[in-house]
>>> print(open('coords_16.txt').read())   # compact mmCIF, N, CA and C atoms
# COMPACT_ATOMS: atom_id res chain seq x y z
N GLN A 22 67.80 87.17 82.07
CA GLN A 22 67.24 86.38 83.15
C GLN A 22 68.27 86.07 84.23
N THR A 23 69.50 85.82 83.83
CA THR A 23 70.49 85.38 84.82
C THR A 23 71.17 86.53 85.54
N ARG A 24 71.25 87.69 84.91
CA ARG A 24 71.97 88.80 85.54
C ARG A 24 71.05 89.88 86.08
N CYS A 25 70.06 90.24 85.33
CA CYS A 25 69.28 91.45 85.62
C CYS A 25 68.07 91.22 86.50
N VAL A 26 67.41 90.08 86.33
CA VAL A 26 66.14 89.82 87.01
C VAL A 26 66.28 89.80 88.53
N ALA A 27 67.42 89.34 89.03
CA ALA A 27 67.59 89.24 90.48
C ALA A 27 67.32 90.57 91.18
N CYS A 28 67.75 91.66 90.58
CA CYS A 28 67.53 92.98 91.19
C CYS A 28 66.41 93.77 90.52
N HIS A 29 66.39 93.76 89.18
CA HIS A 29 65.41 94.59 88.46
C HIS A 29 64.05 93.93 88.32
N GLY A 30 63.95 92.63 88.60
CA GLY A 30 62.68 91.93 88.53
C GLY A 30 62.35 91.42 87.14
N PRO A 31 61.41 90.49 87.05
CA PRO A 31 61.09 89.85 85.78
C PRO A 31 60.48 90.80 84.75
N LYS A 32 59.90 91.89 85.19
CA LYS A 32 59.32 92.86 84.26
C LYS A 32 60.01 94.21 84.34
N GLY A 33 61.20 94.24 84.99
CA GLY A 33 62.00 95.46 85.04
C GLY A 33 61.49 96.53 85.97
N ALA A 34 60.67 96.15 86.94
CA ALA A 34 60.07 97.14 87.85
C ALA A 34 60.96 97.47 89.05
N GLY A 35 62.16 96.89 89.13
CA GLY A 35 63.05 97.15 90.25
C GLY A 35 62.67 96.36 91.50
N ASP A 36 61.92 95.29 91.31
CA ASP A 36 61.38 94.53 92.44
C ASP A 36 61.85 93.09 92.50
N GLY A 37 63.06 92.85 92.03
CA GLY A 37 63.61 91.50 92.07
C GLY A 37 63.88 91.04 93.48
N ALA A 38 64.02 89.74 93.65
CA ALA A 38 64.23 89.16 94.98
C ALA A 38 65.45 89.73 95.69
N ALA A 39 66.50 90.06 94.96
CA ALA A 39 67.72 90.60 95.56
C ALA A 39 67.65 92.11 95.79
N SER A 40 66.54 92.74 95.43
CA SER A 40 66.43 94.19 95.56
C SER A 40 66.18 94.65 96.99
N LYS A 41 65.67 93.75 97.80
CA LYS A 41 65.34 94.12 99.18
C LYS A 41 66.58 94.58 99.93
N GLY A 42 66.50 95.75 100.49
CA GLY A 42 67.59 96.29 101.27
C GLY A 42 68.62 97.07 100.47
N LEU A 43 68.51 97.09 99.16
CA LEU A 43 69.47 97.87 98.37
C LEU A 43 69.10 99.35 98.42
N THR A 44 70.10 100.17 98.70
CA THR A 44 69.90 101.61 98.74
C THR A 44 70.95 102.25 97.85
N PRO A 45 70.53 102.94 96.81
CA PRO A 45 69.15 103.11 96.37
C PRO A 45 68.61 101.82 95.76
N PRO A 46 67.29 101.71 95.66
CA PRO A 46 66.71 100.51 95.06
C PRO A 46 67.05 100.43 93.57
N PRO A 47 66.98 99.25 93.00
CA PRO A 47 67.24 99.11 91.56
C PRO A 47 66.27 99.96 90.74
N ARG A 48 66.73 100.40 89.60
CA ARG A 48 65.94 101.23 88.70
C ARG A 48 64.68 100.49 88.23
N ASN A 49 63.56 101.22 88.20
CA ASN A 49 62.32 100.72 87.62
C ASN A 49 62.32 101.13 86.15
N PHE A 50 62.57 100.17 85.27
CA PHE A 50 62.65 100.48 83.84
C PHE A 50 61.28 100.79 83.23
N GLN A 51 60.21 100.54 83.97
CA GLN A 51 58.87 100.85 83.48
C GLN A 51 58.53 102.33 83.63
N ASP A 52 59.31 103.06 84.40
CA ASP A 52 59.04 104.47 84.69
C ASP A 52 59.23 105.33 83.44
N PRO A 53 58.14 105.91 82.91
CA PRO A 53 58.25 106.70 81.68
C PRO A 53 59.12 107.95 81.85
N GLN A 54 59.14 108.53 83.04
CA GLN A 54 59.98 109.72 83.26
C GLN A 54 61.45 109.36 83.16
N TRP A 55 61.83 108.24 83.74
CA TRP A 55 63.22 107.80 83.63
C TRP A 55 63.56 107.50 82.18
N GLN A 56 62.68 106.76 81.51
CA GLN A 56 62.92 106.40 80.11
C GLN A 56 63.17 107.65 79.26
N ALA A 57 62.40 108.71 79.51
CA ALA A 57 62.55 109.95 78.74
C ALA A 57 63.81 110.71 79.12
N SER A 58 64.34 110.43 80.30
CA SER A 58 65.47 111.22 80.81
C SER A 58 66.84 110.66 80.43
N VAL A 59 66.89 109.45 79.89
CA VAL A 59 68.19 108.84 79.58
C VAL A 59 68.33 108.55 78.08
N THR A 60 69.56 108.59 77.64
CA THR A 60 69.86 108.28 76.24
C THR A 60 70.14 106.79 76.09
N ASP A 61 70.08 106.33 74.87
CA ASP A 61 70.45 104.95 74.59
C ASP A 61 71.91 104.71 74.98
N ALA A 62 72.76 105.69 74.72
CA ALA A 62 74.18 105.56 75.05
C ALA A 62 74.37 105.39 76.56
N HIS A 63 73.57 106.09 77.37
CA HIS A 63 73.66 105.97 78.83
C HIS A 63 73.31 104.54 79.26
N ILE A 64 72.23 104.01 78.70
CA ILE A 64 71.82 102.65 79.06
C ILE A 64 72.92 101.66 78.69
N GLU A 65 73.47 101.80 77.51
CA GLU A 65 74.53 100.89 77.07
C GLU A 65 75.78 101.02 77.94
N GLN A 66 76.10 102.24 78.34
CA GLN A 66 77.28 102.45 79.18
C GLN A 66 77.10 101.81 80.55
N ILE A 67 75.95 101.98 81.16
CA ILE A 67 75.75 101.42 82.50
C ILE A 67 75.70 99.89 82.45
N VAL A 68 75.15 99.33 81.38
CA VAL A 68 75.15 97.87 81.23
C VAL A 68 76.58 97.34 81.19
N GLN A 69 77.43 98.01 80.46
CA GLN A 69 78.81 97.53 80.30
C GLN A 69 79.71 97.87 81.48
N TYR A 70 79.61 99.11 81.98
CA TYR A 70 80.59 99.60 82.95
C TYR A 70 80.07 99.69 84.39
N GLY A 71 78.77 99.51 84.59
CA GLY A 71 78.21 99.54 85.93
C GLY A 71 77.80 100.92 86.39
N GLY A 72 77.13 100.96 87.51
CA GLY A 72 76.59 102.20 88.04
C GLY A 72 77.62 103.25 88.40
N ALA A 73 78.70 102.84 89.02
CA ALA A 73 79.73 103.79 89.45
C ALA A 73 80.31 104.56 88.27
N ALA A 74 80.35 103.95 87.10
CA ALA A 74 80.93 104.59 85.92
C ALA A 74 80.12 105.78 85.43
N VAL A 75 78.85 105.83 85.82
CA VAL A 75 77.99 106.93 85.38
C VAL A 75 77.45 107.73 86.56
N GLY A 76 78.15 107.63 87.70
CA GLY A 76 77.75 108.40 88.87
C GLY A 76 76.55 107.85 89.60
N LYS A 77 76.25 106.59 89.40
CA LYS A 77 75.13 105.95 90.08
C LYS A 77 75.66 104.91 91.05
N SER A 78 74.76 104.11 91.61
CA SER A 78 75.13 103.14 92.63
C SER A 78 76.13 102.11 92.14
N ALA A 79 77.13 101.87 92.96
CA ALA A 79 78.12 100.84 92.67
C ALA A 79 77.51 99.44 92.83
N ALA A 80 76.30 99.35 93.38
CA ALA A 80 75.62 98.05 93.50
C ALA A 80 75.23 97.51 92.13
N MET A 81 75.13 98.41 91.13
CA MET A 81 74.88 97.96 89.76
C MET A 81 76.23 97.54 89.19
N PRO A 82 76.43 96.22 89.02
CA PRO A 82 77.75 95.75 88.61
C PRO A 82 78.06 95.99 87.14
N ALA A 83 79.33 96.04 86.84
CA ALA A 83 79.79 96.10 85.45
C ALA A 83 79.67 94.72 84.83
N ASN A 84 79.60 94.70 83.52
CA ASN A 84 79.56 93.45 82.77
C ASN A 84 80.66 93.50 81.71
N PRO A 85 81.92 93.43 82.12
CA PRO A 85 83.02 93.61 81.18
C PRO A 85 83.03 92.60 80.04
N ASP A 86 82.44 91.44 80.25
CA ASP A 86 82.39 90.44 79.18
C ASP A 86 81.52 90.89 78.01
N LEU A 87 80.67 91.89 78.22
CA LEU A 87 79.81 92.39 77.15
C LEU A 87 80.46 93.49 76.32
N MET A 88 81.60 93.99 76.75
CA MET A 88 82.26 95.08 76.03
C MET A 88 82.67 94.69 74.62
N SER A 89 82.89 93.43 74.39
CA SER A 89 83.27 92.96 73.06
C SER A 89 82.08 92.40 72.29
N LYS A 90 80.87 92.64 72.83
CA LYS A 90 79.65 92.11 72.21
C LYS A 90 78.62 93.23 72.01
N PRO A 91 78.91 94.16 71.11
CA PRO A 91 78.00 95.30 70.94
C PRO A 91 76.59 94.90 70.54
N GLU A 92 76.44 93.78 69.85
CA GLU A 92 75.11 93.35 69.46
C GLU A 92 74.28 92.91 70.67
N VAL A 93 74.93 92.32 71.67
CA VAL A 93 74.24 91.92 72.89
C VAL A 93 73.87 93.17 73.70
N VAL A 94 74.78 94.11 73.79
CA VAL A 94 74.51 95.36 74.52
C VAL A 94 73.35 96.11 73.87
N ALA A 95 73.34 96.17 72.55
CA ALA A 95 72.25 96.84 71.83
C ALA A 95 70.92 96.13 72.07
N ALA A 96 70.94 94.80 72.12
CA ALA A 96 69.72 94.04 72.38
C ALA A 96 69.23 94.27 73.81
N LEU A 97 70.15 94.35 74.75
CA LEU A 97 69.75 94.63 76.13
C LEU A 97 69.15 96.04 76.26
N ARG A 98 69.76 97.01 75.58
CA ARG A 98 69.22 98.36 75.59
C ARG A 98 67.82 98.37 75.01
N ALA A 99 67.62 97.68 73.90
CA ALA A 99 66.30 97.63 73.27
C ALA A 99 65.29 96.95 74.21
N TYR A 100 65.73 95.93 74.91
CA TYR A 100 64.86 95.25 75.87
C TYR A 100 64.44 96.21 76.99
N VAL A 101 65.42 96.94 77.54
CA VAL A 101 65.13 97.91 78.60
C VAL A 101 64.15 98.96 78.09
N ARG A 102 64.35 99.45 76.89
CA ARG A 102 63.42 100.42 76.30
C ARG A 102 62.02 99.84 76.15
N GLY A 103 61.93 98.57 75.79
CA GLY A 103 60.65 97.92 75.62
C GLY A 103 59.87 97.72 76.92
N LEU A 104 60.56 97.76 78.04
CA LEU A 104 59.89 97.59 79.34
C LEU A 104 59.03 98.79 79.70
N ALA A 105 59.22 99.91 79.02
CA ALA A 105 58.43 101.10 79.32
C ALA A 105 56.96 100.88 79.04
N SER A 106 56.64 99.96 78.17
CA SER A 106 55.25 99.74 77.80
C SER A 106 54.54 98.70 78.66
N HIS A 107 55.23 98.15 79.64
CA HIS A 107 54.62 97.11 80.48
C HIS A 107 53.78 97.71 81.57
>>> encode(input="coords_16.txt", output="structure tokens")
Amino acid sequence: QTRCVACHGPKGAGDGAASKGLTPPPRNFQDPQWQASVTDAHIEQIVQYGGAAVGKSAAMPANPDLMSKPEVVAALRAYVRGLASH
């Protein structure tokens, strides 16, 4: 709620209040094509290291405080995966 919703929106559709004007726009986690195209490891990497680390937008910030919390990263990945059904 505190980090992701601002850009990705409350249901992960990429429509958060801070998403306006971002180029490229934040990822829509509800998109089944995107969900099928990425691995769990990719999701976990971008959560921890940010967009630039995986060749994506630098507007997606890193979360270095999560690098020592694999259980939190795994839970966030599972949450992102669960948004596909919304």
>>> axis_aligned_box(input="coords_16.txt", around="region 87-101 of chain A", padding_each_side="4 Å", output="AutoDock Vina command-line options")
--center_x 73.7 --center_y 95.4 --center_z 74.0 --size_x 27.1 --size_y 15.1 --size_z 17.1
>>> residues_around(input="coords_16.txt", residues="region 60-73 of chain A", least_positions_apart="3", cutoff="6 Å", atoms="all atoms listed in the file", output="list in words")
Gly76, Lys77, Ser78, Ala79, Met81, Pro82, Ala83, Asn84, Pro85, Leu87, Met88, Val94 and Arg98 of chain A
>>> residues_around(input="coords_16.txt", residues="Ser106 (chain A)", least_positions_apart="6", cutoff="10 Å", atoms="only C-alpha atoms", output="list in words")
Phe50, Gln51, Asp52 and Pro53 of chain A
>>> atom_distance(input="coords_16.txt", atom1="atom N of Trp55 (chain A)", atom2="atom C of Gln22 (chain A)")
23.1 Å
>>> atom_distance(input="coords_16.txt", atom1="CA of Ala27 (chain A)", atom2="CA of Gln56 (chain A)")
20.6 Å
>>> select_by_dssp(input="coords_16.txt", residues="chain A", states="alpha helix (DSSP H)", output="VMD selection string")
chain A and resid 26 to 29 53 to 58 61 to 70 91 to 103
>>> atom_distance(input="coords_16.txt", atom1="CA of Lys41 (chain A)", atom2="CA of Ala96 (chain A)")
27.2 Å
>>> residues_around(input="coords_16.txt", residues="Val26 (chain A)", least_positions_apart="4", cutoff="6 Å", atoms="only N, CA and C atoms", output="compact mmCIF listing (two decimals) with N, CA and C atoms, keeping the file's coordinate frame")
# COMPACT_ATOMS: atom_id res chain seq x y z
N GLN A 22 67.80 87.17 82.07
CA GLN A 22 67.24 86.38 83.15
C GLN A 22 68.27 86.07 84.23
N GLY A 30 63.95 92.63 88.60
CA GLY A 30 62.68 91.93 88.53
C GLY A 30 62.35 91.42 87.14
N PRO A 31 61.41 90.49 87.05
CA PRO A 31 61.09 89.85 85.78
C PRO A 31 60.48 90.80 84.75
N GLY A 37 63.06 92.85 92.03
CA GLY A 37 63.61 91.50 92.07
C GLY A 37 63.88 91.04 93.48
N ALA A 38 64.02 89.74 93.65
CA ALA A 38 64.23 89.16 94.98
C ALA A 38 65.45 89.73 95.69
>>> residues_around(input="coords_16.txt", residues="His29 (chain A)", least_positions_apart="2", cutoff="7 Å", atoms="all atoms listed in the file", output="CSV table (one decimal) with N, CA and C atoms, keeping the file's coordinate frame")
chain,number,residue,atom,x,y,z
A,24,ARG,N,71.2,87.7,84.9
A,24,ARG,CA,72.0,88.8,85.5
A,24,ARG,C,71.0,89.9,86.1
A,25,CYS,N,70.1,90.2,85.3
A,25,CYS,CA,69.3,91.4,85.6
A,25,CYS,C,68.1,91.2,86.5
A,26,VAL,N,67.4,90.1,86.3
A,26,VAL,CA,66.1,89.8,87.0
A,26,VAL,C,66.3,89.8,88.5
A,27,ALA,N,67.4,89.3,89.0
A,27,ALA,CA,67.6,89.2,90.5
A,27,ALA,C,67.3,90.6,91.2
A,31,PRO,N,61.4,90.5,87.0
A,31,PRO,CA,61.1,89.8,85.8
A,31,PRO,C,60.5,90.8,84.8
A,32,LYS,N,59.9,91.9,85.2
A,32,LYS,CA,59.3,92.9,84.3
A,32,LYS,C,60.0,94.2,84.3
A,33,GLY,N,61.2,94.2,85.0
A,33,GLY,CA,62.0,95.5,85.0
A,33,GLY,C,61.5,96.5,86.0
A,34,ALA,N,60.7,96.2,86.9
A,34,ALA,CA,60.1,97.1,87.8
A,34,ALA,C,61.0,97.5,89.0
A,35,GLY,N,62.2,96.9,89.1
A,35,GLY,CA,63.0,97.2,90.2
A,35,GLY,C,62.7,96.4,91.5
A,36,ASP,N,61.9,95.3,91.3
A,36,ASP,CA,61.4,94.5,92.4
A,36,ASP,C,61.8,93.1,92.5
A,37,GLY,N,63.1,92.8,92.0
A,37,GLY,CA,63.6,91.5,92.1
A,37,GLY,C,63.9,91.0,93.5
A,38,ALA,N,64.0,89.7,93.6
A,38,ALA,CA,64.2,89.2,95.0
A,38,ALA,C,65.4,89.7,95.7
A,39,ALA,N,66.5,90.1,95.0
A,39,ALA,CA,67.7,90.6,95.6
A,39,ALA,C,67.6,92.1,95.8
A,40,SER,N,66.5,92.7,95.4
A,40,SER,CA,66.4,94.2,95.6
A,40,SER,C,66.2,94.6,97.0
A,47,PRO,N,67.0,99.2,93.0
A,47,PRO,CA,67.2,99.1,91.6
A,47,PRO,C,66.3,100.0,90.7
A,48,ARG,N,66.7,100.4,89.6
A,48,ARG,CA,65.9,101.2,88.7
A,48,ARG,C,64.7,100.5,88.2
A,49,ASN,N,63.6,101.2,88.2
A,49,ASN,CA,62.3,100.7,87.6
A,49,ASN,C,62.3,101.1,86.2
>>> build_atoms(input="coords_16.txt", residues="region 70-81 of chain A", atoms="all heavy atoms", output="PDB file, in the coordinates of the input")
ATOM      1  N   TYR A  70      79.610  99.110  81.980  1.00  0.00           N
ATOM      2  CA  TYR A  70      80.590  99.600  82.950  1.00  0.00           C
ATOM      3  C   TYR A  70      80.070  99.690  84.390  1.00  0.00           C
ATOM      4  O   TYR A  70      80.833  99.949  85.300  1.00  0.00           O
ATOM      5  CB  TYR A  70      81.107 100.978  82.513  1.00  0.00           C
ATOM      6  CG  TYR A  70      81.795 100.919  81.181  1.00  0.00           C
ATOM      7  CD1 TYR A  70      81.152 101.315  80.020  1.00  0.00           C
ATOM      8  CD2 TYR A  70      83.096 100.445  81.069  1.00  0.00           C
ATOM      9  CE1 TYR A  70      81.778 101.250  78.782  1.00  0.00           C
ATOM     10  CE2 TYR A  70      83.740 100.366  79.842  1.00  0.00           C
ATOM     11  CZ  TYR A  70      83.067 100.767  78.702  1.00  0.00           C
ATOM     12  OH  TYR A  70      83.691 100.686  77.486  1.00  0.00           O
ATOM     13  N   GLY A  71      78.770  99.510  84.590  1.00  0.00           N
ATOM     14  CA  GLY A  71      78.210  99.540  85.930  1.00  0.00           C
ATOM     15  C   GLY A  71      77.800 100.920  86.390  1.00  0.00           C
ATOM     16  O   GLY A  71      78.090 101.934  85.748  1.00  0.00           O
ATOM     17  N   GLY A  72      77.130 100.960  87.510  1.00  0.00           N
ATOM     18  CA  GLY A  72      76.590 102.200  88.040  1.00  0.00           C
ATOM     19  C   GLY A  72      77.620 103.250  88.400  1.00  0.00           C
ATOM     20  O   GLY A  72      77.450 104.436  88.114  1.00  0.00           O
ATOM     21  N   ALA A  73      78.700 102.840  89.020  1.00  0.00           N
ATOM     22  CA  ALA A  73      79.730 103.790  89.450  1.00  0.00           C
ATOM     23  C   ALA A  73      80.310 104.560  88.270  1.00  0.00           C
ATOM     24  O   ALA A  73      80.694 105.725  88.406  1.00  0.00           O
ATOM     25  CB  ALA A  73      80.822 103.083  90.224  1.00  0.00           C
ATOM     26  N   ALA A  74      80.350 103.950  87.100  1.00  0.00           N
ATOM     27  CA  ALA A  74      80.930 104.590  85.920  1.00  0.00           C
ATOM     28  C   ALA A  74      80.120 105.780  85.430  1.00  0.00           C
ATOM     29  O   ALA A  74      80.641 106.639  84.720  1.00  0.00           O
ATOM     30  CB  ALA A  74      81.086 103.582  84.794  1.00  0.00           C
ATOM     31  N   VAL A  75      78.850 105.830  85.820  1.00  0.00           N
ATOM     32  CA  VAL A  75      77.990 106.930  85.380  1.00  0.00           C
ATOM     33  C   VAL A  75      77.450 107.730  86.560  1.00  0.00           C
ATOM     34  O   VAL A  75      76.434 108.400  86.464  1.00  0.00           O
ATOM     35  CB  VAL A  75      76.826 106.430  84.488  1.00  0.00           C
ATOM     36  CG1 VAL A  75      77.343 105.840  83.192  1.00  0.00           C
ATOM     37  CG2 VAL A  75      75.964 105.431  85.228  1.00  0.00           C
ATOM     38  N   GLY A  76      78.150 107.630  87.700  1.00  0.00           N
ATOM     39  CA  GLY A  76      77.750 108.400  88.870  1.00  0.00           C
ATOM     40  C   GLY A  76      76.550 107.850  89.600  1.00  0.00           C
ATOM     41  O   GLY A  76      75.900 108.567  90.367  1.00  0.00           O
ATOM     42  N   LYS A  77      76.250 106.590  89.400  1.00  0.00           N
ATOM     43  CA  LYS A  77      75.130 105.950  90.080  1.00  0.00           C
ATOM     44  C   LYS A  77      75.660 104.910  91.050  1.00  0.00           C
ATOM     45  O   LYS A  77      76.854 104.796  91.284  1.00  0.00           O
ATOM     46  CB  LYS A  77      74.181 105.302  89.056  1.00  0.00           C
ATOM     47  CG  LYS A  77      73.605 106.275  88.046  1.00  0.00           C
ATOM     48  CD  LYS A  77      72.691 107.265  88.706  1.00  0.00           C
ATOM     49  CE  LYS A  77      72.091 108.231  87.703  1.00  0.00           C
ATOM     50  NZ  LYS A  77      71.285 109.243  88.330  1.00  0.00           N
ATOM     51  N   SER A  78      74.760 104.110  91.610  1.00  0.00           N
ATOM     52  CA  SER A  78      75.130 103.140  92.630  1.00  0.00           C
ATOM     53  C   SER A  78      76.130 102.110  92.140  1.00  0.00           C
ATOM     54  O   SER A  78      75.973 101.506  91.082  1.00  0.00           O
ATOM     55  CB  SER A  78      73.871 102.418  93.118  1.00  0.00           C
ATOM     56  OG  SER A  78      74.217 101.384  94.018  1.00  0.00           O
ATOM     57  N   ALA A  79      77.130 101.870  92.960  1.00  0.00           N
ATOM     58  CA  ALA A  79      78.120 100.840  92.670  1.00  0.00           C
ATOM     59  C   ALA A  79      77.510  99.440  92.830  1.00  0.00           C
ATOM     60  O   ALA A  79      78.125  98.456  92.420  1.00  0.00           O
ATOM     61  CB  ALA A  79      79.317 100.988  93.594  1.00  0.00           C
ATOM     62  N   ALA A  80      76.300  99.350  93.380  1.00  0.00           N
ATOM     63  CA  ALA A  80      75.620  98.050  93.500  1.00  0.00           C
ATOM     64  C   ALA A  80      75.230  97.510  92.130  1.00  0.00           C
ATOM     65  O   ALA A  80      75.034  96.309  91.969  1.00  0.00           O
ATOM     66  CB  ALA A  80      74.394  98.166  94.387  1.00  0.00           C
ATOM     67  N   MET A  81      75.130  98.410  91.130  1.00  0.00           N
ATOM     68  CA  MET A  81      74.880  97.960  89.760  1.00  0.00           C
ATOM     69  C   MET A  81      76.230  97.540  89.190  1.00  0.00           C
ATOM     70  O   MET A  81      77.093  98.379  88.938  1.00  0.00           O
ATOM     71  CB  MET A  81      74.264  99.092  88.935  1.00  0.00           C
ATOM     72  CG  MET A  81      74.201  98.854  87.431  1.00  0.00           C
ATOM     73  SD  MET A  81      73.226  97.443  86.957  1.00  0.00           S
ATOM     74  CE  MET A  81      73.882  97.167  85.307  1.00  0.00           C
TER      75      MET A  81
END
